6 protein chains.
Amino acid sequence: MSISPLLIEKTVREALEEDLGHGFDLTTAATIPAGTDCRAEIISREKGILSGLISGLTAFSQIDPSLDIVVNKMDGHDLKSGDCIAEIEGSAQSIMIAERVCLNFLTHLSGIASATRQYVDAVKGTNAKITCTRKTLPGLRAFQKQAVRDGGGINHRHGLDDAILIKDNHIAVCGGIAEALQQAKGYAGHLTKIEIEVDTLDQLEQVLKCGLADVVMLDNMDTDTMTTAVNMIDGKLVSEASGGVSLKTVKSIADTGVDVISVGALTHSVTALDIGLDIQV
Amino acid sequence: MSISPLLIEKTVREALEEDLGHGFDLTTAATIPAGTDCRAEIISREKGILSGLISGLTAFSQIDPSLDIVVNKMDGHDLKSGDCIAEIEGSAQSIMIAERVCLNFLTHLSGIASATRQYVDAVKGTNAKITCTRKTLPGLRAFQKQAVRDGGGINHRHGLDDAILIKDNHIAVCGGIAEALQQAKGYAGHLTKIEIEVDTLDQLEQVLKCGLADVVMLDNMDTDTMTTAVNMIDGKLVSEASGGVSLKTVKSIADTGVDVISVGALTHSVTALDIGLDIQV
Amino acid sequence: MSISPLLIEKTVREALEEDLGHGFDLTTAATIPAGTDCRAEIISREKGILSGLISGLTAFSQIDPSLDIVVNKMDGHDLKSGDCIAEIEGSAQSIMIAERVCLNFLTHLSGIASATRQYVDAVKGTNAKITCTRKTLPGLRAFQKQAVRDGGGINHRHGLDDAILIKDNHIAVCGGIAEALQQAKGYAGHLTKIEIEVDTLDQLEQVLKCGLADVVMLDNMDTDTMTTAVNMIDGKLVSEASGGVSLKTVKSIADTGVDVISVGALTHSVTALDIGLDIQV
Amino acid sequence: MSISPLLIEKTVREALEEDLGHGFDLTTAATIPAGTDCRAEIISREKGILSGLISGLTAFSQIDPSLDIVVNKMDGHDLKSGDCIAEIEGSAQSIMIAERVCLNFLTHLSGIASATRQYVDAVKGTNAKITCTRKTLPGLRAFQKQAVRDGGGINHRHGLDDAILIKDNHIAVCGGIAEALQQAKGYAGHLTKIEIEVDTLDQLEQVLKCGLADVVMLDNMDTDTMTTAVNMIDGKLVSEASGGVSLKTVKSIADTGVDVISVGALTHSVTALDIGLDIQV
Amino acid sequence: MSISPLLIEKTVREALEEDLGHGFDLTTAATIPAGTDCRAEIISREKGILSGLISGLTAFSQIDPSLDIVVNKMDGHDLKSGDCIAEIEGSAQSIMIAERVCLNFLTHLSGIASATRQYVDAVKGTNAKITCTRKTLPGLRAFQKQAVRDGGGINHRHGLDDAILIKDNHIAVCGGIAEALQQAKGYAGHLTKIEIEVDTLDQLEQVLKCGLADVVMLDNMDTDTMTTAVNMIDGKLVSEASGGVSLKTVKSIADTGVDVISVGALTHSVTALDIGLDIQV
Amino acid sequence: MSISPLLIEKTVREALEEDLGHGFDLTTAATIPAGTDCRAEIISREKGILSGLISGLTAFSQIDPSLDIVVNKMDGHDLKSGDCIAEIEGSAQSIMIAERVCLNFLTHLSGIASATRQYVDAVKGTNAKITCTRKTLPGLRAFQKQAVRDGGGINHRHGLDDAILIKDNHIAVCGGIAEALQQAKGYAGHLTKIEIEVDTLDQLEQVLKCGLADVVMLDNMDTDTMTTAVNMIDGKLVSEASGGVSLKTVKSIADTGVDVISVGALTHSVTALDIGLDIQV
């Protein structure tokens with residue numbers, strides 16, 4: 001159990017309601033007789049990593065709890081073209097109503113997991129872990145975060161409430177790095193981590209001197225500067241590289257020795273994985 | 001007024017609630033004094049088409065109705081790098097809380113509008129219009145559909161309820177093209193259009209003979225076959241090309257004379273447009 | 001499957017919550033022992049057409065999934081006085097809590113279906129179909145629309161979003177019939193029909209000349225004028241008669257040759273069909 | 001202030017969402033330019049009693065808080081044909097989007113108030129008050145109850161939770177009138193009234209002997225029996241006549257001396273009052 | 001069946017959503033393997049009265065409908081330290097996710113029932129019943145009211161809508177006791193009780209003279225005055241003592257002969273009953 | 001800005017809906033004329049710490065945005081008996097409808113803040129901070145957590161999602177302390193802290209040896225053992241004392257040198273602070 005079943009049920013229900021609009025599937029009502037059964041297979045049409053399976057299948061069970069569902073693959077599993085992910089059997093009306101919503105979850109989330117895996121593979125052999133950001137699509141954050149994890153990444157904070165991340169604007173308004181870190185330390189509960197963003201080695205120096213942060217974000221540094229930064233940090237803090245990360249640059253960033261690399265594109269610029277539904281009448 | 005203000009309010013509120021989690025922005029509460037004001041500018045960092053402005057700005061006004069907002073660009077407008085889209089002035093706490101949710105709407109939807117514009121530009125000089133599909137992201141369909149329109153495209157049906165679209169599986173279960181079209185015609189209200197998918201010229205022949213469809217979808221046809229199909233249709237039905245459309249292929253598809261070209265990637269595989277918030281303390 | 005099961009579940013749940021108020025059925029809690037079972041029959045007390053059966057029965061299953069339910073009639077079936085529509089067996093507490101909400105759905109929706117059938121019967125032998133309007137009761141539109149269909153009618157548009165209907169005020173603000181139709185054609189997707197209202201033959205002339213509408217609404221015309229209008233239209237557009245339709249006038253309107261007759265009273269002035277619940281202790 | 005403003009806001013918002021479906025008014029978006037203003041009048045087209053004004057007007061203010069609204073009539077006021085109930089001025093787009101939802105509330109609720117007034121007038125000169133039942137339309141109970149009051153009636157219980165009403169089935173399961181009344185008295189709080197239904201004078205005798213009820217419902221009695229019943233009750237309990245009440249029979253029922261007459265048709269079989277919106281472009 | 005199952009489901013679901021925040025139980029996901037089962041017992045760790053059992057157990061069944069649950073005690077039952085209230089068996093992940101929410105309902109509501117029982121026991125031998133007030137915790141009123149009943153108390157009104165309670169401020173604004181009672185009587189339906197608050201015997205005199213109230217609240221009277229008041233009332237109205245009631249004073253208040261004693265602290269100042277979950281791995 | 005305004009609006013709206021039930025304040029509608037204004041003061045009737053002010057005042061502004069509100073005290077301020085916290089002026093109907101909901105928030109949350117302050121004062125001079133637990137009341141957690149902070153405490157984790165807290169049962173299922181900590185470390189993101197519960201010095205030894213935890217919970221240890229534990233920890237981890245903490249014992253626990261002391265009773269067994277509303281007619 002990863003994502004709360006209550007969150008899955010709510011999000012999938014709203015997606016079905018969105019698709020059904022005023023409450024009707026006109027095509028199915030018109031052309032599919034009520035008593036007809038069929039069998040459907042969810043098939044991967046390209047190589048990748050599966051994510052969102054429970055969400056996708058919930059579309060079927062919410063429309064019709066009597067459908068029979070067999071699961072062949074699990075979230076995080078490798079997919080190759082032609083793999084049968086799951087099979088659904090029962091009312092043809094029910095299967096056709098839920099098909100598109102199911103696939104909209106599966107293709108988007110598997111796209112995220114697959115891209116994450118590419119980044120994870122690219123840094124293999126280094127110390128670096130791949131993580132996501134808060135640059136997510138409205139309403140889908142938990143699902144996207146889990147997809148990153150299904151692809152082998154780790155999660156950054158889930159929202160504004162589960163960790164403190166002091167950025168340049170916070171520092172500027174608050175009156176400096178030391179001031180901001182002291183305010184944060186005074187406010188944070190004992191289970192709240194504090195991260196602070198730095199753009200220069202000079203700022204990093206100040207952070208290290210303060211000694212109040214748990215994590216430091218090295219923002220938009222070139223790899224030489226970042227290597228120096230990692231040496232300065234010397235394991236006293238967790239280091240996170242951020243800004244301008246792509247599949248082309250990620251290995252050289254990892255080679256600086258940084259602990260974590262955050263990639264916004266994992267969740268804000270997603271290419272869907274091609275997954276389809278084959279129906280045998 | 002394009003998207004219902006009630007839908008915008010609901011979707012943005014849920015996005016803010018998602019980001020605020022248990023109800024706190026720990027960083028802002030810790031580091032930004034309550035009485036501090038600031039001024040922020042929403043800046044385009046690359047060339048594209050704007051979409052989602054009202055949604056993005058609603059994030060600010062929902063957190064704090066006292067913020068002053070000045071709008072410089074509207075949905076559908078061209079953006080170039082460095083353009084100031086809107087300015088927000090007021091409580092620094094409020095601006096920092098709403099920043100990320102605002103940008104998550106703007107960058108995603110402007111990404112869709114910008115990609116749509118590229119397709120629209122690519123078919124300039126032909127008769128073809130660019131449209132989207134139901135391959136959208138859960139909870140964001142109306143916003144994505146409007147973004148397609150902001151980019152110069154038209155909208156396919158919004159859901160299962162506002163038009164009949166008979167696909168291969170419906171035909172198979174129903175017992176053939178003629179049977180499916182007759183069932184659909186008997187069921188449809190007088191304000192409901194009927195579209196039917198065909199894969200071959202033989203199927204198209206049957207559709208034309210029936211005379212009950214308003215639109216025919218030419219699915220995954222090569223351009224030669226499609227040209228023949230358009231000639232057979234001869235303006236009696238609206239023709240829609242579907243399947244495997246990319247920026248590379250769209251012009252040759254349009255040259256077949258087809259009326260509408262649907263592009264799933266417009267909404268299922270979106271690259272965010274780079275838009276940021278600059279804060280002057 | 002006609003109305004989405006998700007919409008039924010939501011609407012019935014809210015109706016039960018409305019009836020239970022602060023969360024208690026005081027009478028049942030006070031007078032019915034927890035372990036007592038009973039058997040109930042839903043009985044038609046007059047002649048008519050059934051509609052809303054799934055909604056009505058959902059009231060019972062939401063209060064108590066362990067109730068046994070046997071269905072004897074389906075939506076759209078003829079009822080005569082004394083017919084047993086369905087039987088419920090199980091906890092007396094559960095049956096008594098859900099009784100009124102069940103009947104409130106059944107009697108209202110069957111009232112609509114029964115009235116629709118009277119209109120449908122009245123125009124038998126003509127070409128005309130009976131349809132509803134957007135003059136529906138808040139929160140019940142999908143249910144009322146389905147009831148019209150259960151009675152043999154067809155559905156007009158479901159809302160402001162699934163078709164374009166240009167009325168006199170739109171024409172006036174837009175600057176004329178031609179202008180309004182051109183704007184509408186430019187805006188509409190390829191699966192959106194366009195209807196326009198006309199009050200005079202002169203306006204109809206303009207609509208026919210434009211050639212951009214799919215349906216024309218002949219609003220409040222006397223039958224002579226309407227006959228002329230139908231002749232002018234000559235099958236080029238679908239024609240809809242609207243305004244002042246009653247059981248007394250509907251046949252003469254149908255005799256003009258019009259395609260569709262819309263009746264607001266079907267959904268805005270409903271007489272409930274008498275259906276009751278008999279409990280055998 | 002009669003109905004809670006929070007309930008009005010919620011119910012009207014859901015009605016607008018229902019009408020806007022996927023979030024668009026296609027006709028308005030296509031044909032009404034964004035900057036155009038207009039002026040609208042809500043006009044009564046027949047004689048009756050107004051109800052639902054705040055709900056109806058809330059449709060406009062929810063779509064567009066900048067609309068100017070002037071109110072000429074209040075709930076409970078007499079309307080004659082041609083009366084201007086309220087005026088709205090501002091964006092033509094906003095006014096056209098909200099029009100139908102506004103009128104759907106106004107015409108239905110004013111229909112209830114007007115019918116109630118007819119019953120109230122019919123029993124003028126007697127002691128009897130007119131009341132409603134729980135035979136209401138799902139989701140609209142509070143509005144319908146208030147409309148009954150606007151028409152001069154009083155309210156029966158609002159739901160299963162605000163009073164105890166022991167019906168024949170409760171009596172049967174519980175084991176008799178005395179037993180049911182004792183259970184109810186033991187359960188009821190000191191602010192909960194107890195009503196019991198009787199079909200015969202013999203049952204009434206038992207109720208009077210028990211001395212635990214506050215109100216007795218005389219169900220489906222002919223007027224002679226009811227006169228005897230009222231004499232037996234002799235002011236010791238409140239008496240309510242129920243069953244088969246119509247405008248034709250209500251006066252003779254009132255003449256029996258009964259205190260309250262409940263009329264299910266007031267809320268389950270409503271004829272809308274004709275109210276329209278005139279727009280001056 | 002006491003509280004509506006729909007209300008229980010909604011409130012428990014929201015409590016689980018509150019605890020799961022962004023949708024994850026990080027600890028369980030990290031440390032408990034998916035296939036591991038366990039057995040848990042809900043154990044009372046002190047003497048008291050059980051309340052909230054269904055709500056508490058619903059937390060488990062909402063997270064995982066496949067858990068096996070055995071119930072040993074029911075709401076209203078006596079608990080002694082060490083009693084096993086219920087047993088849950090199945091997925092260890094599911095049980096650990098739901099544990100805290102279950103206990104938060106059980107310990108709070110059993111705390112209320114237990115305190116109520118102490119008050120009920122304290123007035124044993126007198127005529128007085130113990131009741132609650134509207135001083136409840138937001139969102140939990142129905143649950144708290146039922147807990148009072150589980151402890152042997154009765155319920156005051158559930159909200160502003162199910163009875164009329166005229167307090168000092170209403171009297172002051174309305175212009176006196178007689179005026180307020182007449183307005184109330186004219187407004188109230190025949191199933192609505194009217195209570196009025198008095199602070200002095202002089203005010204009580206006026207209430208008795210009016211003859212329109214059902215219940216009189218004797219607010220903050222010393223016991224001598226209250227005894228006089230009860231004698232003046234002489235059974236013509238129900239009398240309720242209110243203000244400054246504690247376990248120390250309640251018996252002397254009951255000895256005045258008052259019918260009902262309302263205790264705000266029952267629901268506004270609750271000491272949780274110690275109930276825990278023992279897990280056998 | 002501490003709690004999200006969106007969360008406050010939602011929770012207060014639901015509390016008002018709960019109190020208004022079927023949508024009516026019968027007493028106010030009956031006895032308070034629509035045009036009457038009044039002035040109200042929120043007065044503390046005993047010494048304590050204020051919390052929940054915005055929530056309480058939101059009850060008034062949601063019922064009637066036209067009410068004038070003046071704020072004299074802020075959350076976290078000291079209150080003495082007789083202090084005027086805020087003043088509200090405007091419609092008497094609106095003020096009376098919202099009064100009870102306002103006070104239910106204020107008295108409960110100020111009760112928490114006041115009790116927290118007592119604990120904080122009791123440990124003055126030591127190193128220990130006071131914190132809360134997840135033993136909160138369903139639906140009120142964010143409000144209760146903020147109240148603890150208003151009283152001078154710090155917050156434990158907000159839910160299952162913002163930190164890892166490994167308890168005895170997790171350890172048992174997972175197969176030991178080292179195993180559980182390794183699993184947790186592998187799963188946790190870089191902004192997630194890990195806490196583990198120990199009951200014995202032997203377990204503490206294992207935790208220290210692993211070196212993977214951020215915080216250790218010393219559960220139900222006597223003060224001698226706890227002193228030894230704190231010495232063993234020697235500042236390498238944050239230490240939290242838990243179990244059986246009361247105002248009597250908290251100082252001796254703090255004297256062990258522990259960093260944080262968690263007190264479940266702060267939120268599960270709350271005594272309301274006496275705050276009332278005085279109305280001047």
# chains A, B, ... in the order shown; residues from 1 in each chain; ligands from 1
$ interface_residues --of "chain C" --to "chain B" --cutoff "8 Å" --atoms "only C-alpha atoms" --output "JSON, numbers by chain"
{"C": [154, 155, 156, 157, 162, 163, 187, 188, 189, 190, 191, 192, 193, 194, 195, 215, 238, 260]}
$ residues_around --residues "region 64-81 of chain C" --least-positions-apart "3" --cutoff "8 Å" --atoms "only C-alpha atoms" --output "list in words"
Ile43, Ser44, Arg45, Glu46, Lys47, Gly48, Ile49, Leu50, Ser51, Gly52, Leu53, Phe60, Ser61, Cys84, Ile85, Ala86, Glu87, Ile88, Glu89, Gly90, Ser91, Ser94, Ala113, Asp150, Gly151 and Gly152 of chain C
$ write_last_selection --atoms "N, CA, C and O atoms" --output "mmCIF file, in the first residue's frame"
data_model
loop_
_atom_site.group_PDB
_atom_site.id
_atom_site.type_symbol
_atom_site.label_atom_id
_atom_site.label_comp_id
_atom_site.auth_asym_id
_atom_site.auth_seq_id
_atom_site.Cartn_x
_atom_site.Cartn_y
_atom_site.Cartn_z
ATOM 1 N N ILE C 43 -45.145 -0.367 -4.564
ATOM 2 C CA ILE C 43 -46.370 -0.626 -5.327
ATOM 3 C C ILE C 43 -46.822 0.637 -6.075
ATOM 4 O O ILE C 43 -46.897 1.720 -5.485
ATOM 5 N N SER C 44 -47.109 0.470 -7.341
ATOM 6 C CA SER C 44 -47.718 1.565 -8.091
ATOM 7 C C SER C 44 -49.188 1.682 -7.707
ATOM 8 O O SER C 44 -49.895 0.676 -7.659
ATOM 9 N N ARG C 45 -49.624 2.900 -7.419
ATOM 10 C CA ARG C 45 -51.026 3.082 -7.047
ATOM 11 C C ARG C 45 -51.824 3.734 -8.180
ATOM 12 O O ARG C 45 -52.993 4.083 -8.013
ATOM 13 N N GLU C 46 -51.152 3.932 -9.327
ATOM 14 C CA GLU C 46 -51.895 4.395 -10.502
ATOM 15 C C GLU C 46 -51.127 3.998 -11.759
ATOM 16 O O GLU C 46 -49.999 3.530 -11.693
ATOM 17 N N LYS C 47 -51.752 4.185 -12.892
ATOM 18 C CA LYS C 47 -51.195 3.833 -14.198
ATOM 19 C C LYS C 47 -50.125 4.855 -14.605
ATOM 20 O O LYS C 47 -50.291 6.056 -14.366
ATOM 21 N N GLY C 48 -49.057 4.361 -15.211
ATOM 22 C CA GLY C 48 -48.033 5.307 -15.669
ATOM 23 C C GLY C 48 -46.814 4.581 -16.193
ATOM 24 O O GLY C 48 -46.874 3.389 -16.508
ATOM 25 N N ILE C 49 -45.691 5.328 -16.277
ATOM 26 C CA ILE C 49 -44.427 4.777 -16.778
ATOM 27 C C ILE C 49 -43.384 4.900 -15.672
ATOM 28 O O ILE C 49 -43.250 5.967 -15.063
ATOM 29 N N LEU C 50 -42.640 3.842 -15.448
ATOM 30 C CA LEU C 50 -41.646 3.847 -14.371
ATOM 31 C C LEU C 50 -40.375 4.581 -14.803
ATOM 32 O O LEU C 50 -39.875 4.400 -15.910
ATOM 33 N N SER C 51 -39.838 5.373 -13.873
ATOM 34 C CA SER C 51 -38.505 5.955 -14.060
ATOM 35 C C SER C 51 -37.869 6.177 -12.693
ATOM 36 O O SER C 51 -38.571 6.412 -11.708
ATOM 37 N N GLY C 52 -36.560 6.082 -12.639
ATOM 38 C CA GLY C 52 -35.847 6.369 -11.395
ATOM 39 C C GLY C 52 -35.671 5.171 -10.492
ATOM 40 O O GLY C 52 -35.324 5.320 -9.318
ATOM 41 N N LEU C 53 -35.862 3.967 -11.031
ATOM 42 C CA LEU C 53 -35.835 2.793 -10.165
ATOM 43 C C LEU C 53 -34.476 2.610 -9.485
ATOM 44 O O LEU C 53 -34.408 2.397 -8.273
ATOM 45 N N PHE C 60 -32.003 2.511 -0.407
ATOM 46 C CA PHE C 60 -31.961 1.375 0.525
ATOM 47 C C PHE C 60 -30.547 0.813 0.663
ATOM 48 O O PHE C 60 -30.059 0.561 1.757
ATOM 49 N N SER C 61 -29.875 0.612 -0.459
ATOM 50 C CA SER C 61 -28.557 -0.041 -0.384
ATOM 51 C C SER C 61 -27.511 0.873 0.248
ATOM 52 O O SER C 61 -26.542 0.392 0.825
ATOM 53 N N CYS C 84 -46.435 -4.503 -8.480
ATOM 54 C CA CYS C 84 -45.313 -4.509 -7.547
ATOM 55 C C CYS C 84 -44.024 -4.240 -8.326
ATOM 56 O O CYS C 84 -43.591 -5.054 -9.142
ATOM 57 N N ILE C 85 -43.408 -3.117 -8.066
ATOM 58 C CA ILE C 85 -42.232 -2.683 -8.825
ATOM 59 C C ILE C 85 -40.968 -3.379 -8.321
ATOM 60 O O ILE C 85 -40.136 -3.825 -9.097
ATOM 61 N N ALA C 86 -40.843 -3.478 -7.014
ATOM 62 C CA ALA C 86 -39.667 -4.128 -6.432
ATOM 63 C C ALA C 86 -39.989 -4.552 -5.011
ATOM 64 O O ALA C 86 -40.935 -4.043 -4.390
ATOM 65 N N GLU C 87 -39.191 -5.500 -4.499
ATOM 66 C CA GLU C 87 -39.381 -5.987 -3.129
ATOM 67 C C GLU C 87 -38.079 -5.836 -2.355
ATOM 68 O O GLU C 87 -37.010 -6.114 -2.901
ATOM 69 N N ILE C 88 -38.173 -5.414 -1.102
ATOM 70 C CA ILE C 88 -36.986 -5.237 -0.258
ATOM 71 C C ILE C 88 -37.200 -6.046 1.016
ATOM 72 O O ILE C 88 -38.270 -5.982 1.625
ATOM 73 N N GLU C 89 -36.168 -6.733 1.429
ATOM 74 C CA GLU C 89 -36.311 -7.552 2.640
ATOM 75 C C GLU C 89 -35.073 -7.392 3.512
ATOM 76 O O GLU C 89 -33.944 -7.394 3.015
ATOM 77 N N GLY C 90 -35.295 -7.263 4.806
ATOM 78 C CA GLY C 90 -34.167 -7.137 5.729
ATOM 79 C C GLY C 90 -34.521 -6.261 6.911
ATOM 80 O O GLY C 90 -35.705 -6.173 7.295
ATOM 81 N N SER C 91 -33.544 -5.616 7.488
ATOM 82 C CA SER C 91 -33.709 -4.824 8.697
ATOM 83 C C SER C 91 -34.830 -3.795 8.580
ATOM 84 O O SER C 91 -34.838 -2.937 7.690
ATOM 85 N N SER C 94 -33.600 -0.154 8.700
ATOM 86 C CA SER C 94 -33.017 0.347 7.458
ATOM 87 C C SER C 94 -34.095 0.693 6.438
ATOM 88 O O SER C 94 -34.029 1.723 5.760
ATOM 89 N N ALA C 113 -41.866 10.675 -16.662
ATOM 90 C CA ALA C 113 -41.935 9.663 -17.732
ATOM 91 C C ALA C 113 -43.377 9.467 -18.194
ATOM 92 O O ALA C 113 -43.640 9.327 -19.394
ATOM 93 N N ASP C 150 -37.106 7.799 -20.740
ATOM 94 C CA ASP C 150 -37.851 6.607 -20.318
ATOM 95 C C ASP C 150 -39.308 6.681 -20.779
ATOM 96 O O ASP C 150 -39.955 5.657 -20.993
ATOM 97 N N GLY C 151 -39.813 7.899 -20.941
ATOM 98 C CA GLY C 151 -41.192 8.071 -21.391
ATOM 99 C C GLY C 151 -41.325 8.081 -22.903
ATOM 100 O O GLY C 151 -42.434 8.215 -23.429
ATOM 101 N N GLY C 152 -40.206 7.957 -23.606
ATOM 102 C CA GLY C 152 -40.265 7.885 -25.063
ATOM 103 C C GLY C 152 -39.850 9.165 -25.766
ATOM 104 O O GLY C 152 -39.898 9.251 -26.996
#
$ residues_around --residues "region 217-233 of chain E" --least-positions-apart "6" --cutoff "8 Å" --atoms "only C-alpha atoms" --output "number ranges by chain"
E: 195-201, 204, 208, 239-244, 252-253, 256-258
$ residues_around --residues "Ala172 (chain B)" --least-positions-apart "5" --cutoff "10 Å" --atoms "only C-alpha atoms" --output "ChimeraX atom specification"
/A:31-32,279-281 /B:167,177,180
$ write_last_selection --atoms "all heavy atoms" --output "compact mmCIF listing (two decimals), in the first residue's frame"
# COMPACT_ATOMS: atom_id res chain seq x y z
N THR A 31 -25.06 2.10 -28.38
CA THR A 31 -24.60 1.01 -29.26
C THR A 31 -24.28 -0.30 -28.55
O THR A 31 -24.12 -1.32 -29.23
CB THR A 31 -23.34 1.44 -30.05
OG1 THR A 31 -22.27 1.68 -29.12
CG2 THR A 31 -23.60 2.69 -30.88
N ILE A 32 -24.13 -0.29 -27.24
CA ILE A 32 -23.74 -1.53 -26.54
C ILE A 32 -24.93 -2.07 -25.74
O ILE A 32 -25.38 -1.44 -24.78
CB ILE A 32 -22.56 -1.27 -25.58
CG1 ILE A 32 -21.42 -0.56 -26.29
CG2 ILE A 32 -22.08 -2.58 -24.95
CD1 ILE A 32 -20.73 -1.34 -27.38
N ILE A 279 -9.80 -4.89 -26.70
CA ILE A 279 -11.05 -5.53 -26.29
C ILE A 279 -11.35 -6.69 -27.22
O ILE A 279 -11.30 -6.56 -28.44
CB ILE A 279 -12.21 -4.51 -26.31
CG1 ILE A 279 -11.93 -3.41 -25.27
CG2 ILE A 279 -13.55 -5.20 -26.05
CD1 ILE A 279 -13.06 -2.45 -25.04
N GLN A 280 -11.61 -7.87 -26.61
CA GLN A 280 -12.08 -9.01 -27.41
C GLN A 280 -13.58 -9.16 -27.21
O GLN A 280 -14.03 -9.50 -26.12
CB GLN A 280 -11.38 -10.30 -26.97
CG GLN A 280 -9.98 -10.43 -27.53
CD GLN A 280 -8.95 -10.35 -26.45
OE1 GLN A 280 -9.24 -10.67 -25.32
NE2 GLN A 280 -7.75 -9.91 -26.79
N VAL A 281 -14.27 -8.93 -28.28
CA VAL A 281 -15.74 -8.99 -28.16
C VAL A 281 -16.19 -10.44 -28.05
O VAL A 281 -15.69 -11.30 -28.75
CB VAL A 281 -16.36 -8.32 -29.39
CG1 VAL A 281 -17.87 -8.29 -29.22
CG2 VAL A 281 -15.81 -6.92 -29.56
N LYS B 167 -16.47 3.89 -31.98
CA LYS B 167 -15.15 3.36 -32.31
C LYS B 167 -15.23 1.90 -32.72
O LYS B 167 -16.31 1.28 -32.66
CB LYS B 167 -14.23 3.52 -31.10
CG LYS B 167 -14.02 4.99 -30.73
CD LYS B 167 -12.76 5.16 -29.91
CE LYS B 167 -12.62 6.63 -29.50
NZ LYS B 167 -11.60 6.80 -28.47
N ILE B 177 -21.22 -1.61 -38.91
CA ILE B 177 -21.31 -0.15 -39.06
C ILE B 177 -22.74 0.34 -39.21
O ILE B 177 -23.18 1.27 -38.55
CB ILE B 177 -20.43 0.29 -40.25
CG1 ILE B 177 -18.95 0.27 -39.83
CG2 ILE B 177 -20.84 1.66 -40.76
CD1 ILE B 177 -17.97 0.58 -40.94
N ALA B 180 -24.67 -0.02 -35.93
CA ALA B 180 -24.23 0.94 -34.92
C ALA B 180 -24.75 2.34 -35.23
O ALA B 180 -25.21 3.07 -34.34
CB ALA B 180 -22.71 0.95 -34.82
$ residues_around --residues "Gly111 (chain F)" --least-positions-apart "2" --cutoff "9 Å" --atoms "only C-alpha atoms" --output "PyMOL selection string"
(chain E and resi 269) or (chain F and resi 48-51+106-109+113-116+147+266+270-274)
$ atom_distance --atom1 "CA of Ala184 (chain F)" --atom2 "CA of Thr36 (chain E)"
17.1 Å
$ atom_distance --atom1 "CA of Leu7 (chain F)" --atom2 "CA of Val148 (chain F)"
17.5 Å
